[in-house]
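Everything on this sheet refers to the single structure shown next.
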Amino acid sequence: DTGVSQDPRHKITKRGQNVTFRCDPISEHNRLYWYRQTLGQGPEFLTYFQNEAQLEKSRLLSDRFSAERPKGSFSTLEIQRTEQGDSAMYLCASSYHRAEQFFGPGTRLTVL
Amino acid sequence: QQQVKQSPQSLIVQKGGIPIINCAYENTAFDYFPWYQQFPGKGPALLIAIRPDVSEKKEGRFTISFNKSAKQFSLHIMDSQPGDSATYFCAASINNAGNMLTFGGGTRLMVKP
């Protein structure tokens, strides 16, 4: 499978805990995007990387959220001190010098 | 502020019908308009996309119609099948500004056999 992969697929955590998600983009894709999708809504942009540089962050990305893309390959999204409002599907997408973005299966986060 | 408005929220058609989903945008800087299909528990899958220099694009049973002056675009699904039952999202982005996608609210389509 050469598509975008995300891990884990599901995460249940207690309020106040830290969680980390991983995204592996399609090989050689230089752009990587994170989106958040709540039930019944369209995805909302969080942040994006071109190679290892984080070029844009949404106002949705509070200081409890941090994302990295070391060496321009996989990316991680960490949420510190999780809140119930963080419960959502976290989607990763990648692209290569073009507009077409290909999404992974997502990580569904449930904060109890 | 929702920059891409999508309608209807839900749609039911019979097999073979032609569902039409509409989107309107506000930001005239948008220059790339994709449609995504999403099944429950899955990530969105790119269906078809259009740029504002053309008024229509067809790929298989999917057609995008684009009206730049009205700032509207729509998805038509020809000869719809029960397997097309899914949620459809329109989106828009700016090509030279990172291509971050702004999505519509989605349309849940059901195609009855």
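How things are named: the first chain in the structure tokens is A, the next is B, and so on; residues count from 1 in each chain; ligands count from 1 in the order shown.
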
Using only C-alpha atoms, what table do you get, as a tab-separated table, when you list each residue of chain A with an atom no more than 12 Å from chain B, its nearest pair of atoms, and their distance in Å rounded to one decimal, rows by chain then rising number?
```
residue	atom	partner	partner_atom	distance
A:Gly3	CA	B:Ala45	CA	11.1
A:Val4	CA	B:Gly43	CA	9.9
A:Ser5	CA	B:Gly43	CA	10.4
A:Gln6	CA	B:Gly43	CA	10.3
A:Arg9	CA	B:Gly41	CA	9.7
A:His10	CA	B:Gly41	CA	10.4
A:Asn30	CA	B:Gly98	CA	11.7
A:Arg31	CA	B:Gly98	CA	8.8
A:Leu32	CA	B:Met100	CA	10.1
A:Tyr33	CA	B:Met100	CA	7.8
A:Trp34	CA	B:Met100	CA	9.6
A:Tyr35	CA	B:Leu101	CA	9.1
A:Arg36	CA	B:Gly43	CA	11.1
A:Gln37	CA	B:Gly43	CA	9.9
A:Thr38	CA	B:Gly105	CA	10.7
A:Leu39	CA	B:Pro40	CA	10.4
A:Gly40	CA	B:Gly106	CA	7.7
A:Gln41	CA	B:Gly105	CA	5.3
A:Gly42	CA	B:Gly105	CA	4.8
A:Pro43	CA	B:Phe103	CA	6.2
A:Glu44	CA	B:Thr102	CA	6.8
A:Phe45	CA	B:Met100	CA	6.6
A:Leu46	CA	B:Met100	CA	9.0
A:Thr47	CA	B:Met100	CA	8.4
A:Tyr48	CA	B:Met100	CA	7.7
A:Phe49	CA	B:Gly98	CA	9.1
A:Gln50	CA	B:Gly98	CA	8.7
A:Gln54	CA	B:Gly98	CA	10.9
A:Leu55	CA	B:Gly98	CA	8.1
A:Glu56	CA	B:Gly98	CA	8.0
A:Lys57	CA	B:Met100	CA	10.1
A:Ser58	CA	B:Met100	CA	9.9
A:Ala88	CA	B:Gly41	CA	11.7
A:Met89	CA	B:Gly41	CA	9.1
A:Tyr90	CA	B:Gly43	CA	9.5
A:Leu91	CA	B:Gly43	CA	7.0
A:Cys92	CA	B:Gly43	CA	8.7
A:Ala93	CA	B:Gly43	CA	9.2
A:Ser94	CA	B:Asn99	CA	11.0
A:Ser95	CA	B:Asn99	CA	9.7
A:Tyr96	CA	B:Asn99	CA	11.3
A:His97	CA	B:Gly98	CA	9.8
A:Arg98	CA	B:Asn95	CA	8.1
A:Ala99	CA	B:Asn99	CA	6.0
A:Glu100	CA	B:Leu46	CA	7.8
A:Gln101	CA	B:Leu46	CA	7.5
A:Phe102	CA	B:Leu46	CA	6.8
A:Phe103	CA	B:Gly43	CA	5.8
A:Gly104	CA	B:Gly43	CA	5.6
A:Pro105	CA	B:Gly43	CA	4.3
A:Gly106	CA	B:Gly43	CA	5.8
A:Thr107	CA	B:Gly43	CA	9.4
A:Arg108	CA	B:Gly41	CA	8.7
```

Self-check item: Test item: residues at most 8 Å from B:Thr63, only C-alpha atoms, excluding those fewer than 4 positions along its chain, as a list in words
Solution: Ile48, Glu56, Lys57, Lys58, Glu59, Leu75, His76, Ile77 and Met78 of chain B

Quiz prompt | Residues of chain A in helix (DSSP H, G or I), written as a PyMOL selection string | solution = chain A and resi 70-72+84-86

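Taking atom CA of B:Lys71 and atom CA of B:Tyr25 as endpoints, the distance between them is 5.6 Å.
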
Exercise. In Å, rounded to a single decimal, give me how far atom CA of A:Lys71 is from atom CA of A:Asp24.
Key: 12.2 Å

Self-check item: 7 Å contact set for A:Gln17, only C-alpha atoms, chain neighbours under 6 positions out, as JSON, numbers by chain
Solution: {"A": [80, 81, 82]}

Can you list, as a PDB file with C-alpha atoms, in the first residue's frame, all residues belonging to stretch 3-89 of chain A that DSSP tags as strand (DSSP E)?
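Below is the file out15.pdb, written as the result:
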```
ATOM      1  CA  SER A   5      -0.846   5.949   6.495  1.00  0.00           C
ATOM      2  CA  GLN A   6      -1.737   7.096  10.000  1.00  0.00           C
ATOM      3  CA  ASP A   7      -1.163   5.533  13.367  1.00  0.00           C
ATOM      4  CA  HIS A  10      -8.162   4.966  17.193  1.00  0.00           C
ATOM      5  CA  LYS A  11      -7.091   6.516  20.481  1.00  0.00           C
ATOM      6  CA  ILE A  12      -9.072   6.759  23.698  1.00  0.00           C
ATOM      7  CA  THR A  13      -7.570   8.869  26.436  1.00  0.00           C
ATOM      8  CA  VAL A  19      -1.398  12.016  22.948  1.00  0.00           C
ATOM      9  CA  THR A  20       0.754  11.759  19.829  1.00  0.00           C
ATOM     10  CA  PHE A  21      -0.290  10.751  16.329  1.00  0.00           C
ATOM     11  CA  ARG A  22       1.909   9.786  13.412  1.00  0.00           C
ATOM     12  CA  CYS A  23       1.453  10.296   9.695  1.00  0.00           C
ATOM     13  CA  ASP A  24       3.515   8.709   6.922  1.00  0.00           C
ATOM     14  CA  ARG A  31       3.917  18.719   1.381  1.00  0.00           C
ATOM     15  CA  LEU A  32       2.115  17.342   4.405  1.00  0.00           C
ATOM     16  CA  TYR A  33      -1.095  18.699   5.911  1.00  0.00           C
ATOM     17  CA  TRP A  34      -3.008  18.080   9.134  1.00  0.00           C
ATOM     18  CA  TYR A  35      -6.764  18.587   9.348  1.00  0.00           C
ATOM     19  CA  ARG A  36      -9.338  18.004  12.073  1.00  0.00           C
ATOM     20  CA  GLN A  37     -12.845  16.731  11.383  1.00  0.00           C
ATOM     21  CA  GLU A  44     -10.670  21.999   9.036  1.00  0.00           C
ATOM     22  CA  PHE A  45      -7.063  22.897   8.285  1.00  0.00           C
ATOM     23  CA  LEU A  46      -4.639  22.796  11.215  1.00  0.00           C
ATOM     24  CA  THR A  47      -1.105  23.079   9.850  1.00  0.00           C
ATOM     25  CA  TYR A  48       1.125  22.241   6.914  1.00  0.00           C
ATOM     26  CA  PHE A  49       4.741  21.431   6.149  1.00  0.00           C
ATOM     27  CA  GLN A  50       6.805  21.790   3.048  1.00  0.00           C
ATOM     28  CA  ALA A  53       9.509  23.452   7.451  1.00  0.00           C
ATOM     29  CA  GLN A  54       6.183  24.214   9.130  1.00  0.00           C
ATOM     30  CA  LEU A  55       4.862  27.017   6.919  1.00  0.00           C
ATOM     31  CA  GLU A  56       1.352  27.667   8.161  1.00  0.00           C
ATOM     32  CA  LYS A  57      -0.643  27.154  11.342  1.00  0.00           C
ATOM     33  CA  PHE A  65      -0.917  21.361  19.885  1.00  0.00           C
ATOM     34  CA  SER A  66       2.468  20.859  18.306  1.00  0.00           C
ATOM     35  CA  ALA A  67       3.477  19.254  15.048  1.00  0.00           C
ATOM     36  CA  GLU A  68       6.830  18.201  13.677  1.00  0.00           C
ATOM     37  CA  SER A  75       5.074  13.847  10.786  1.00  0.00           C
ATOM     38  CA  THR A  76       3.795  13.769  14.343  1.00  0.00           C
ATOM     39  CA  LEU A  77       0.969  15.748  15.912  1.00  0.00           C
ATOM     40  CA  GLU A  78       0.990  16.006  19.701  1.00  0.00           C
ATOM     41  CA  ILE A  79      -1.831  17.263  21.868  1.00  0.00           C
ATOM     42  CA  ALA A  88     -12.358  14.443  16.617  1.00  0.00           C
ATOM     43  CA  MET A  89     -10.897  12.657  13.609  1.00  0.00           C
TER      44      MET A  89
END
```

Quiz item: By how many Å are atom CA of B:Ser74 and atom CA of B:Ala24 apart?
Solution: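 Separation of atom CA of B:Ser74 and atom CA of B:Ala24: 8.6 Å.
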
Quiz prompt | Spatial neighbours of A:Ser73, max dist 8 Å, only C-alpha atoms, sep filter under 3 positions, as a list in words | solution =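 Here the qualifying residues turn out to be Asp24, Pro25, Asn51, Glu52, Arg69 and Pro70 of chain A.
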
Can you spit out the residues from that selection as a PDB file, in the first residue's frame, using N, CA, C and O atoms?
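Result file out03.pdb:
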```
ATOM      1  N   ASP A  24       2.507   9.002   7.939  1.00  0.00           N
ATOM      2  CA  ASP A  24       3.515   8.709   6.922  1.00  0.00           C
ATOM      3  C   ASP A  24       2.944   9.076   5.566  1.00  0.00           C
ATOM      4  O   ASP A  24       1.988   8.433   5.111  1.00  0.00           O
ATOM      5  N   PRO A  25       3.483  10.092   4.914  1.00  0.00           N
ATOM      6  CA  PRO A  25       2.927  10.525   3.630  1.00  0.00           C
ATOM      7  C   PRO A  25       3.315   9.574   2.509  1.00  0.00           C
ATOM      8  O   PRO A  25       4.119   8.655   2.693  1.00  0.00           O
ATOM      9  N   ASN A  51       8.435  20.048   3.043  1.00  0.00           N
ATOM     10  CA  ASN A  51       9.626  19.331   3.540  1.00  0.00           C
ATOM     11  C   ASN A  51       9.587  19.366   5.068  1.00  0.00           C
ATOM     12  O   ASN A  51       8.583  19.006   5.649  1.00  0.00           O
ATOM     13  N   GLU A  52      10.654  19.827   5.733  1.00  0.00           N
ATOM     14  CA  GLU A  52      10.643  19.819   7.200  1.00  0.00           C
ATOM     15  C   GLU A  52      10.150  21.135   7.792  1.00  0.00           C
ATOM     16  O   GLU A  52       9.984  21.236   9.013  1.00  0.00           O
ATOM     17  N   ARG A  69       7.909  17.591  11.635  1.00  0.00           N
ATOM     18  CA  ARG A  69       8.181  16.739  10.481  1.00  0.00           C
ATOM     19  C   ARG A  69       9.698  16.658  10.310  1.00  0.00           C
ATOM     20  O   ARG A  69      10.271  17.266   9.408  1.00  0.00           O
ATOM     21  N   PRO A  70      10.338  15.897  11.182  1.00  0.00           N
ATOM     22  CA  PRO A  70      11.794  15.794  11.114  1.00  0.00           C
ATOM     23  C   PRO A  70      12.239  15.156   9.812  1.00  0.00           C
ATOM     24  O   PRO A  70      11.622  14.195   9.343  1.00  0.00           O
TER      25      PRO A  70
END
```

Quiz item: Given the choices B:Met110, B:Cys23, B:Ala92, B:Ala70, which gets closest to B:Arg51 if the distance is worked out from only C-alpha atoms?
Solution: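 Among the listed residues, B:Ala92 lies closest to B:Arg51.
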
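The protein and nucleic acid residues lying at most 8 Å from B:Ala86 are B:Gln37, B:Gln38, B:Phe39, B:Pro40, B:Arg108, B:Leu109, B:Met110, with only C-alpha atoms considered and sequence neighbours fewer than 4 positions away removed.
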